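Shown below: coords-v2.json, with JSON, C-alpha atoms.
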```json
[["chain", "number", "residue", "atom", "x", "y", "z"],
["O", 28, "MET", "CA", 0.00, 0.00, 0.00],
["O", 29, "ILE", "CA", 1.16, 3.49, -0.88],
["O", 30, "GLU", "CA", 0.41, 6.35, 1.47],
["O", 31, "VAL", "CA", -1.06, 9.43, -0.20],
["O", 32, "LYS", "CA", -2.07, 12.94, 0.80],
["O", 33, "ILE", "CA", -4.87, 15.05, -0.60],
["O", 34, "GLU", "CA", -3.00, 17.54, -2.76],
["O", 35, "SER", "CA", -5.94, 19.48, -4.13],
["O", 36, "ILE", "CA", -9.64, 19.35, -4.86],
["O", 37, "ARG", "CA", -10.65, 20.81, -8.17],
["O", 38, "VAL", "CA", -14.00, 21.79, -9.53],
["O", 39, "SER", "CA", -14.98, 20.97, -13.06],
["O", 40, "LEU", "CA", -16.61, 23.75, -15.02],
["O", 41, "MET", "CA", -18.24, 21.18, -17.27],
["O", 42, "SER", "CA", -19.97, 19.06, -14.64],
["O", 43, "PRO", "CA", -21.11, 19.27, -11.04],
["O", 44, "ASN", "CA", -18.45, 16.75, -10.05],
["O", 45, "GLN", "CA", -15.18, 17.56, -8.38],
["O", 46, "VAL", "CA", -11.77, 15.92, -8.67],
["O", 47, "VAL", "CA", -9.61, 14.99, -5.72],
["O", 48, "ILE", "CA", -5.92, 14.81, -6.56],
["O", 49, "LEU", "CA", -4.08, 12.38, -4.28],
["O", 50, "ARG", "CA", -0.30, 12.57, -4.21],
["O", 51, "GLU", "CA", 2.13, 9.85, -3.21],
["O", 52, "VAL", "CA", 3.90, 10.82, 0.00],
["O", 53, "GLU", "CA", 7.10, 9.20, -1.27],
["O", 54, "GLY", "CA", 6.92, 9.81, -4.98],
["O", 55, "GLU", "CA", 5.68, 12.00, -7.75],
["O", 56, "ARG", "CA", 2.61, 10.15, -8.91],
["O", 57, "ARG", "CA", -0.84, 11.69, -8.58],
["O", 58, "LEU", "CA", -4.14, 9.84, -8.56],
["O", 59, "PRO", "CA", -7.16, 11.87, -9.72],
["O", 60, "ILE", "CA", -10.54, 10.65, -8.51],
["O", 61, "PHE", "CA", -13.89, 12.13, -9.53],
["O", 62, "ILE", "CA", -16.29, 12.58, -6.64],
["O", 63, "GLY", "CA", -19.70, 14.13, -6.11],
["O", 64, "LYS", "CA", -20.13, 17.77, -5.17],
["O", 65, "SER", "CA", -21.49, 17.25, -1.67],
["O", 66, "GLU", "CA", -18.68, 14.82, -0.75],
["O", 67, "GLY", "CA", -16.13, 17.21, -2.25],
["O", 68, "ASP", "CA", -17.61, 20.00, -0.16],
["O", 69, "ALA", "CA", -17.43, 17.75, 2.93],
["O", 70, "ILE", "CA", -13.68, 17.27, 2.41],
["O", 71, "THR", "CA", -12.91, 20.90, 1.52],
["O", 72, "PHE", "CA", -14.93, 22.19, 4.42],
["O", 73, "LYS", "CA", -12.83, 20.23, 6.91],
["O", 74, "LEU", "CA", -9.49, 20.95, 5.21],
["O", 75, "ASN", "CA", -10.28, 24.67, 5.28],
["O", 76, "GLU", "CA", -10.91, 24.27, 9.02],
["O", 77, "ASP", "CA", -14.33, 25.83, 8.62],
["O", 78, "ILE", "CA", -16.64, 25.33, 11.56],
["O", 79, "ALA", "CA", -20.19, 24.25, 10.78],
["O", 80, "PRO", "CA", -22.85, 25.38, 13.25],
["O", 81, "ARG", "CA", -24.38, 21.89, 13.06],
["O", 82, "PRO", "CA", -22.63, 18.54, 12.48],
["O", 83, "LEU", "CA", -22.39, 17.69, 8.79],
["O", 84, "THR", "CA", -23.10, 14.11, 7.73],
["O", 85, "HIS", "CA", -19.47, 12.98, 8.00],
["O", 86, "ASP", "CA", -19.11, 14.74, 11.36],
["O", 87, "LEU", "CA", -22.10, 12.70, 12.49],
["O", 88, "ALA", "CA", -20.43, 9.51, 11.24],
["O", 89, "VAL", "CA", -17.32, 10.38, 13.27],
["O", 90, "ASP", "CA", -19.44, 11.20, 16.36],
["O", 91, "ILE", "CA", -21.28, 7.89, 16.08],
["O", 92, "MET", "CA", -18.00, 5.98, 15.71],
["O", 93, "ALA", "CA", -16.60, 7.74, 18.78],
["O", 94, "GLU", "CA", -19.70, 6.93, 20.85],
["O", 95, "LEU", "CA", -19.55, 3.29, 19.81],
["O", 96, "GLY", "CA", -15.83, 2.98, 20.49],
["O", 97, "VAL", "CA", -14.80, 2.65, 16.86],
["O", 98, "GLN", "CA", -11.26, 3.79, 16.10],
["O", 99, "LEU", "CA", -10.59, 4.47, 12.44],
["O", 100, "LYS", "CA", -7.08, 3.19, 11.60],
["O", 101, "HIS", "CA", -6.81, 4.05, 7.96],
["O", 102, "VAL", "CA", -8.71, 4.10, 4.69],
["O", 103, "VAL", "CA", -7.59, 2.47, 1.48],
["O", 104, "ILE", "CA", -8.51, 2.84, -2.17],
["O", 105, "HIS", "CA", -7.99, -0.75, -3.17],
["O", 106, "GLU", "CA", -9.59, -1.37, -6.51],
["O", 107, "LEU", "CA", -10.41, 0.19, -9.86],
["O", 108, "ARG", "CA", -13.14, -1.65, -11.70],
["O", 109, "ARG", "CA", -15.09, -0.41, -14.70],
["O", 110, "GLN", "CA", -13.86, 3.13, -14.08],
["O", 111, "HIS", "CA", -15.07, 3.08, -10.48],
["O", 112, "PHE", "CA", -12.71, 3.32, -7.55],
["O", 113, "PHE", "CA", -13.53, 1.17, -4.55],
["O", 114, "ALA", "CA", -12.38, 2.01, -1.04],
["O", 115, "ALA", "CA", -12.63, 0.55, 2.43],
["O", 116, "ILE", "CA", -12.40, 1.99, 5.91],
["O", 117, "ILE", "CA", -10.39, -0.07, 8.39],
["O", 118, "TYR", "CA", -11.03, 0.30, 12.07],
["O", 119, "ASN", "CA", -10.26, -1.33, 15.37],
["O", 120, "VAL", "CA", -12.79, -2.58, 17.85],
["O", 121, "ASN", "CA", -11.29, -4.07, 20.99],
["O", 122, "ASN", "CA", -8.10, -4.71, 19.02],
["O", 123, "VAL", "CA", -9.96, -6.61, 16.33],
["O", 124, "GLU", "CA", -9.52, -5.18, 12.86],
["O", 125, "MET", "CA", -12.73, -4.59, 10.92],
["O", 126, "ARG", "CA", -13.21, -3.47, 7.35],
["O", 127, "LEU", "CA", -16.15, -1.81, 5.61],
["O", 128, "ASP", "CA", -16.81, -1.08, 1.95],
["O", 129, "ALA", "CA", -17.06, 2.65, 1.14],
["O", 130, "ARG", "CA", -16.83, 5.12, -1.67],
["O", 131, "PRO", "CA", -13.43, 6.85, -1.86],
["O", 132, "SER", "CA", -15.13, 10.22, -1.24],
["O", 133, "ASP", "CA", -16.69, 9.08, 2.04],
["O", 134, "ALA", "CA", -13.48, 7.32, 3.09],
["O", 135, "MET", "CA", -11.47, 10.50, 2.51],
["O", 136, "ALA", "CA", -14.06, 12.74, 4.20],
["O", 137, "LEU", "CA", -13.78, 10.52, 7.29],
["O", 138, "ALA", "CA", -9.96, 10.29, 7.09],
["O", 139, "VAL", "CA", -9.47, 14.07, 7.12],
["O", 140, "ARG", "CA", -11.72, 14.31, 10.19],
["O", 141, "VAL", "CA", -9.85, 11.77, 12.31],
["O", 142, "ASN", "CA", -6.43, 12.46, 10.79],
["O", 143, "CYS", "CA", -5.82, 8.86, 9.79],
["O", 144, "PRO", "CA", -3.65, 7.81, 6.81],
["O", 145, "ILE", "CA", -5.05, 7.38, 3.30],
["O", 146, "TYR", "CA", -3.56, 4.54, 1.26],
["O", 147, "VAL", "CA", -3.81, 3.43, -2.35],
["O", 148, "GLU", "CA", -3.07, -0.14, -3.41],
["O", 149, "GLU", "CA", -0.01, -0.43, -5.66],
["O", 150, "ALA", "CA", -2.01, -1.97, -8.51],
["O", 151, "VAL", "CA", -4.46, 0.95, -8.52],
["O", 152, "MET", "CA", -1.67, 3.53, -8.52],
["O", 153, "ASP", "CA", 0.16, 1.62, -11.28],
["O", 154, "GLU", "CA", -2.94, 1.65, -13.43],
["O", 155, "ALA", "CA", -4.38, 5.10, -12.80],
["O", 156, "GLY", "CA", -1.51, 7.14, -11.31],
["O", 157, "VAL", "CA", -0.12, 9.92, -13.47],
["O", 158, "ILE", "CA", 3.17, 11.79, -13.35],
["O", 159, "PRO", "CA", 2.56, 15.46, -14.10],
["O", 160, "SER", "CA", 4.65, 16.90, -16.93],
["O", 161, "GLN", "CA", 7.44, 19.22, -15.87],
["O", 162, "GLU", "CA", 5.93, 22.61, -15.33],
["O", 163, "HIS", "CA", 8.84, 24.52, -16.85],
["O", 164, "ASP", "CA", 9.26, 22.57, -20.04],
["O", 165, "ALA", "CA", 8.77, 25.85, -21.86],
["O", 166, "GLN", "CA", 10.20, 24.70, -25.16],
["O", 167, "ARG", "CA", 7.66, 21.92, -25.42],
["O", 168, "ASP", "CA", 4.72, 24.00, -24.23],
["O", 169, "LEU", "CA", 5.44, 26.55, -26.94],
["O", 170, "GLY", "CA", 5.87, 23.96, -29.68],
["O", 171, "ALA", "CA", 2.52, 24.59, -31.35],
["O", 172, "PHE", "CA", 3.04, 28.34, -31.21],
["O", 173, "ASP", "CA", 6.55, 27.97, -32.70],
["O", 174, "ASP", "CA", 5.11, 25.93, -35.57],
["O", 175, "PHE", "CA", 2.48, 28.59, -36.18],
["O", 176, "ILE", "CA", 5.02, 31.43, -36.21],
["O", 177, "SER", "CA", 7.23, 29.67, -38.72],
["O", 178, "SER", "CA", 4.25, 29.03, -40.99],
["O", 179, "LEU", "CA", 3.69, 32.77, -41.37],
["O", 180, "ASP", "CA", 5.06, 34.46, -44.47],
["O", 181, "LEU", "CA", 6.15, 37.82, -43.11],
["O", 182, "GLY", "CA", 6.90, 39.06, -46.64],
["O", 183, "ASP", "CA", 3.14, 39.45, -47.15],
["O", 184, "LEU", "CA", 2.93, 42.22, -44.57],
["O", 185, "ASN", "CA", 3.81, 44.98, -47.04],
["O", 186, "ASP", "CA", 1.78, 43.60, -49.88],
["O", 187, "SER", "CA", -0.79, 46.25, -50.81],
["O", 188, "ASP", "CA", -3.18, 43.71, -52.39],
["O", 189, "GLN", "CA", -3.36, 42.01, -49.02],
["O", 190, "ASP", "CA", -4.16, 45.35, -47.41],
["O", 191, "GLU", "CA", -6.92, 45.86, -49.91],
["O", 192, "THR", "CA", -8.64, 42.61, -49.04],
["O", 193, "LEU", "CA", -8.36, 43.27, -45.34],
["O", 194, "ARG", "CA", -10.05, 46.60, -45.61],
["K", 267, "MET", "CA", -43.18, 12.70, 22.01],
["K", 268, "VAL", "CA", -45.41, 12.26, 18.99],
["K", 269, "GLU", "CA", -44.54, 9.68, 16.39],
["K", 270, "VAL", "CA", -44.36, 10.91, 12.80],
["K", 271, "LYS", "CA", -43.67, 9.51, 9.38],
["K", 272, "VAL", "CA", -42.09, 11.07, 6.34],
["K", 273, "ASP", "CA", -45.04, 12.36, 4.33],
["K", 274, "ALA", "CA", -43.17, 14.10, 1.52],
["K", 275, "VAL", "CA", -39.92, 15.60, 0.42],
["K", 276, "ARG", "CA", -40.61, 18.73, -1.56],
["K", 277, "VAL", "CA", -38.50, 20.68, -3.98],
["K", 278, "ASN", "CA", -38.25, 24.45, -3.98],
["K", 279, "LEU", "CA", -37.84, 25.40, -7.61],
["K", 280, "MET", "CA", -36.28, 28.73, -6.65],
["K", 281, "GLY", "CA", -33.40, 27.35, -4.59],
["K", 282, "SER", "CA", -31.35, 24.36, -3.64],
["K", 283, "HIS", "CA", -33.21, 23.72, -0.41],
["K", 284, "ARG", "CA", -35.78, 21.02, 0.12],
["K", 285, "VAL", "CA", -38.52, 20.54, 2.65],
["K", 286, "VAL", "CA", -39.16, 17.27, 4.43],
["K", 287, "VAL", "CA", -42.74, 17.08, 5.69],
["K", 288, "LEU", "CA", -43.29, 14.93, 8.77],
["K", 289, "LYS", "CA", -46.88, 13.84, 9.49],
["K", 290, "ASP", "CA", -48.18, 13.14, 12.96],
["K", 291, "LEU", "CA", -49.36, 9.50, 12.96],
["K", 292, "ASP", "CA", -52.24, 10.24, 15.34],
["K", 293, "SER", "CA", -53.54, 13.53, 14.04],
["K", 294, "ASN", "CA", -53.72, 15.69, 10.96],
["K", 295, "ARG", "CA", -50.69, 17.81, 11.80],
["K", 296, "TYR", "CA", -47.68, 18.22, 9.55],
["K", 297, "LEU", "CA", -44.25, 19.54, 10.46],
["K", 298, "PRO", "CA", -42.23, 20.99, 7.57],
["K", 299, "ILE", "CA", -38.44, 21.16, 8.02],
["K", 300, "TRP", "CA", -36.07, 22.82, 5.57],
["K", 301, "ILE", "CA", -33.14, 20.57, 4.68],
["K", 302, "GLY", "CA", -30.24, 20.61, 2.22],
["K", 303, "GLN", "CA", -30.35, 19.01, -1.19],
["K", 304, "PRO", "CA", -27.84, 16.16, -0.64],
["K", 305, "GLU", "CA", -29.67, 15.07, 2.53],
["K", 306, "ALA", "CA", -33.04, 15.29, 0.76],
["K", 307, "ASP", "CA", -31.62, 13.12, -2.01],
["K", 308, "ALA", "CA", -30.37, 10.65, 0.60],
["K", 309, "ILE", "CA", -33.92, 10.34, 1.98],
["K", 310, "THR", "CA", -35.75, 10.11, -1.36],
["K", 311, "ILE", "CA", -33.29, 7.68, -2.94],
["K", 312, "HIS", "CA", -34.02, 5.25, -0.15],
["K", 313, "LEU", "CA", -37.78, 5.85, 0.05],
["K", 314, "THR", "CA", -38.28, 5.44, -3.68],
["K", 315, "GLY", "CA", -36.37, 2.17, -3.59],
["K", 316, "SER", "CA", -33.78, 3.40, -6.08],
["K", 317, "ARG", "CA", -30.86, 1.05, -6.20],
["K", 318, "VAL", "CA", -27.47, 2.62, -5.86],
["K", 319, "VAL", "CA", -24.33, 0.85, -7.00],
["K", 320, "ARG", "CA", -22.18, 2.07, -4.15],
["K", 321, "PRO", "CA", -23.07, 2.77, -0.51],
["K", 322, "LEU", "CA", -24.06, 6.40, 0.05],
["K", 323, "THR", "CA", -22.84, 8.22, 3.14],
["K", 324, "HIS", "CA", -25.89, 7.32, 5.25],
["K", 325, "ASP", "CA", -25.64, 3.68, 4.12],
["K", 326, "LEU", "CA", -22.05, 3.71, 5.36],
["K", 327, "ILE", "CA", -23.15, 5.09, 8.74],
["K", 328, "VAL", "CA", -25.83, 2.41, 9.04],
["K", 329, "ASN", "CA", -23.27, -0.26, 8.09],
["K", 330, "ILE", "CA", -20.89, 0.97, 10.79],
["K", 331, "ILE", "CA", -23.65, 0.84, 13.41],
["K", 332, "ARG", "CA", -24.67, -2.70, 12.36],
["K", 333, "ASP", "CA", -21.06, -3.87, 12.22],
["K", 334, "MET", "CA", -20.66, -2.72, 15.80],
["K", 335, "GLY", "CA", -23.56, -4.89, 16.91],
["K", 336, "ALA", "CA", -25.44, -1.71, 17.79],
["K", 337, "GLU", "CA", -28.97, -0.72, 16.83],
["K", 338, "VAL", "CA", -30.76, 2.56, 16.19],
["K", 339, "ARG", "CA", -33.69, 2.64, 18.59],
["K", 340, "HIS", "CA", -35.34, 5.82, 17.30],
["K", 341, "VAL", "CA", -34.62, 9.36, 16.19],
["K", 342, "LEU", "CA", -36.13, 12.47, 17.73],
["K", 343, "VAL", "CA", -36.60, 16.02, 16.52],
["K", 344, "SER", "CA", -35.85, 17.42, 19.94],
["K", 345, "GLU", "CA", -35.54, 21.16, 19.82],
["K", 346, "LEU", "CA", -36.04, 24.33, 17.81],
["K", 347, "ARG", "CA", -33.56, 27.07, 18.61],
["K", 348, "ASP", "CA", -32.84, 30.22, 16.57],
["K", 349, "ASP", "CA", -34.90, 28.89, 13.66],
["K", 350, "THR", "CA", -32.87, 25.66, 13.57],
["K", 351, "PHE", "CA", -34.30, 22.24, 14.33],
["K", 352, "TYR", "CA", -32.11, 19.90, 16.38],
["K", 353, "ALA", "CA", -32.40, 16.14, 16.43],
["K", 354, "ARG", "CA", -30.98, 13.22, 18.33],
["K", 355, "ILE", "CA", -30.24, 9.68, 17.23],
["K", 356, "ILE", "CA", -30.77, 7.14, 19.98],
["K", 357, "ILE", "CA", -28.53, 4.10, 19.56],
["K", 358, "VAL", "CA", -28.33, 1.00, 21.76],
["K", 359, "ASN", "CA", -24.77, -0.29, 21.75],
["K", 360, "ARG", "CA", -23.60, -3.87, 21.92],
["K", 361, "GLU", "CA", -23.65, -3.83, 25.72],
["K", 362, "GLY", "CA", -27.28, -2.66, 25.70],
["K", 363, "LYS", "CA", -26.38, 0.85, 26.79],
["K", 364, "GLU", "CA", -28.31, 3.72, 25.23],
["K", 365, "VAL", "CA", -26.37, 6.59, 23.68],
["K", 366, "SER", "CA", -27.87, 9.78, 22.30],
["K", 367, "ILE", "CA", -26.08, 11.60, 19.49],
["K", 368, "ASP", "CA", -26.66, 15.17, 18.30],
["K", 369, "ALA", "CA", -27.61, 15.37, 14.61],
["K", 370, "ARG", "CA", -29.36, 17.49, 12.05],
["K", 371, "PRO", "CA", -32.96, 16.35, 11.43],
["K", 372, "SER", "CA", -32.09, 15.60, 7.79],
["K", 373, "ASP", "CA", -29.34, 13.13, 8.75],
["K", 374, "ALA", "CA", -31.51, 11.63, 11.50],
["K", 375, "VAL", "CA", -34.39, 11.05, 9.06],
["K", 376, "ALA", "CA", -32.06, 9.68, 6.36],
["K", 377, "ILE", "CA", -30.80, 7.13, 8.89],
["K", 378, "ALA", "CA", -34.27, 6.36, 10.29],
["K", 379, "VAL", "CA", -35.71, 5.44, 6.88],
["K", 380, "ARG", "CA", -32.77, 3.07, 6.30],
["K", 381, "VAL", "CA", -33.16, 1.15, 9.53],
["K", 382, "SER", "CA", -36.98, 1.49, 9.60],
["K", 383, "CYS", "CA", -37.00, 2.89, 13.12],
["K", 384, "SER", "CA", -39.53, 5.30, 14.58],
["K", 385, "ILE", "CA", -39.24, 9.05, 14.11],
["K", 386, "PHE", "CA", -40.51, 11.20, 16.97],
["K", 387, "VAL", "CA", -41.05, 14.93, 17.43],
["K", 388, "GLU", "CA", -41.17, 16.58, 20.86],
["K", 389, "ASP", "CA", -44.74, 17.53, 21.81],
["K", 390, "ASP", "CA", -44.16, 21.26, 22.16],
["K", 391, "ILE", "CA", -42.46, 21.49, 18.76],
["K", 392, "MET", "CA", -45.40, 19.81, 17.05],
["K", 393, "ALA", "CA", -47.85, 21.90, 19.08],
["K", 394, "GLN", "CA", -46.20, 25.17, 18.08],
["K", 395, "HIS", "CA", -45.05, 24.44, 14.55],
["K", 396, "GLY", "CA", -47.26, 21.63, 13.32],
["K", 397, "GLN", "CA", -49.61, 22.75, 10.57],
["K", 398, "GLU", "CA", -53.07, 21.46, 9.76],
["K", 399, "PRO", "CA", -53.92, 21.57, 6.08],
["K", 400, "GLU", "CA", -57.30, 22.93, 5.03],
["K", 401, "GLU", "CA", -60.06, 20.38, 4.85],
["K", 402, "GLU", "CA", -60.03, 18.55, 1.57],
["K", 403, "GLY", "CA", -63.11, 19.03, -0.58],
["K", 404, "ALA", "CA", -64.19, 22.09, 1.37],
["K", 405, "THR", "CA", -66.26, 24.45, -0.76],
["K", 406, "VAL", "CA", -64.65, 27.74, -1.57],
["K", 407, "ALA", "CA", -66.30, 30.53, 0.40],
["K", 408, "ASP", "CA", -67.88, 33.36, -1.56],
["K", 409, "ASP", "CA", -65.53, 35.85, 0.12],
["K", 410, "ASP", "CA", -62.51, 34.11, -1.42],
["K", 411, "LEU", "CA", -63.98, 34.69, -4.86],
["K", 412, "GLY", "CA", -64.44, 38.43, -4.31],
["K", 413, "ALA", "CA", -61.44, 39.52, -6.35],
["K", 414, "PHE", "CA", -62.47, 37.24, -9.20],
["K", 415, "LYS", "CA", -66.03, 38.60, -9.13],
["K", 416, "ASP", "CA", -64.74, 42.17, -9.21],
["K", 417, "PHE", "CA", -62.66, 41.28, -12.22],
["K", 418, "LEU", "CA", -65.64, 39.73, -14.01],
["K", 419, "GLY", "CA", -67.65, 42.87, -13.31],
["K", 420, "THR", "CA", -65.09, 45.02, -15.13],
["K", 421, "LEU", "CA", -65.39, 43.04, -18.34],
["K", 422, "ASP", "CA", -67.52, 44.47, -21.11],
["K", 423, "THR", "CA", -68.79, 41.29, -22.71],
["K", 424, "ASP", "CA", -70.75, 43.21, -25.35],
["K", 425, "ASP", "CA", -67.43, 43.77, -27.08],
["K", 426, "LEU", "CA", -67.22, 40.09, -27.87],
["K", 427, "ASP", "CA", -69.59, 40.26, -30.84],
["K", 428, "LYS", "CA", -68.10, 43.38, -32.38],
["K", 429, "THR", "CA", -65.70, 43.29, -35.36]]
```

Any chance you could put this one into structure tokens?
Amino acid sequence: MIEVKIESIRVSLMSPNQVVILREVEGERRLPIFIGKSEGDAITFKLNEDIAPRPLTHDLAVDIMAELGVQLKHVVIHELRRQHFFAAIIYNVNNVEMRLDARPSDAMALAVRVNCPIYVEEAVMDEAGVIPSQEHDAQRDLGAFDDFISSLDLGDLNDSDQDETLR
Amino acid sequence: MVEVKVDAVRVNLMGSHRVVVLKDLDSNRYLPIWIGQPEADAITIHLTGSRVVRPLTHDLIVNIIRDMGAEVRHVLVSELRDDTFYARIIIVNREGKEVSIDARPSDAVAIAVRVSCSIFVEDDIMAQHGQEPEEEGATVADDDLGAFKDFLGTLDTDDLDKT
């Protein structure tokens, strides 16, 4: 299992969904996971250290776990099947380890509330992890622009016929 | 405490908020409570029997409670303070001890419909904020039609045959 941190949560302008970007603690790979808006809000809200006047749904889950003596150990995103990520929450009850199926969004919203580690199985990271391109690879970023510039025939600029048509 | 059931979840077309309407089982009183859209969806998805591929947040909470050998006894809309309803979820843990957990009414109801437990409202809340709908089939009083009658009186129906 690879430990990850939530690097950012991004909104999509094209859909109501949000994207959580998980980053390897000991590496460069990122794992983007699409989640619903309300779950995204639940994570952002906690990470921003906002205080809700009333317990939000994941706060309630944490309160119930505390009352019942459930200690969340970690959460893990363990499978990618038909474009869906599957997660589990792992907790201790009287030193017995228990495991429950969950969506990654809920697992992460709980993890940020109890400060427990978030893991991703190696196979999932191998399949869906991405290494971001170097941010300062300026030459490559400008490639298309370079091509465009060289396709221009600057000799045309003084051509009066051209001016005529533009007018 | 009066026992209620979820009568309806209503959509406000002008905003993202929803209203859950709780009906008193023993009388004709209804208690409307404003709730957020995700929580309203959590209630309706379960009540309409829609199948979801993955456990939603309230399903996860119910699974945790079951896994712990605990049971939700009932939920209670317990208080109204500064225009906000407060609720409690009463859970019996594995040792048979009762614990009471603070919750929003929306979350409490979303959990109650999943475990099929009773939903209660404190008497004074229902007494002060419960609403009785008008009798069904009641004839409309003449007074109510006053504005309509005035309008009819202003019409010059002779014009209809002209042209």

For atom CA of O:Phe72 and atom CA of K:His324, the interatomic separation in Å (one decimal): 18.5 Å

Show me, as CSV, the residues of stretch 95-149 of chain O having an atom within 7 Å of stretch 49-71 of chain O, each with the closest atom pair and its distance in Å, using all atoms listed in the file.
```
residue,atom,partner,partner_atom,distance
O:Ser132,CA,O:Glu66,CA,5.8
O:Asp133,CA,O:Glu66,CA,6.7
O:Ala136,CA,O:Ile70,CA,4.9
```

Mind pulling up the distance from atom CA of O:Cys143 to atom CA of K:Arg380? 27.8 Å

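Between K:Ala369 and the residues O:Val147, O:Val46, O:Leu137, O:Ile91, the shortest atom-to-atom distance, using all atoms listed in the file, involves O:Ile91.
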
Write out as a PyMOL selection string the residues lying within 8 Å of stretch 347-351 of chain K, counting only C-alpha atoms and excluding same-chain residues fewer than 6 positions away. chain K and resi 299+370-371
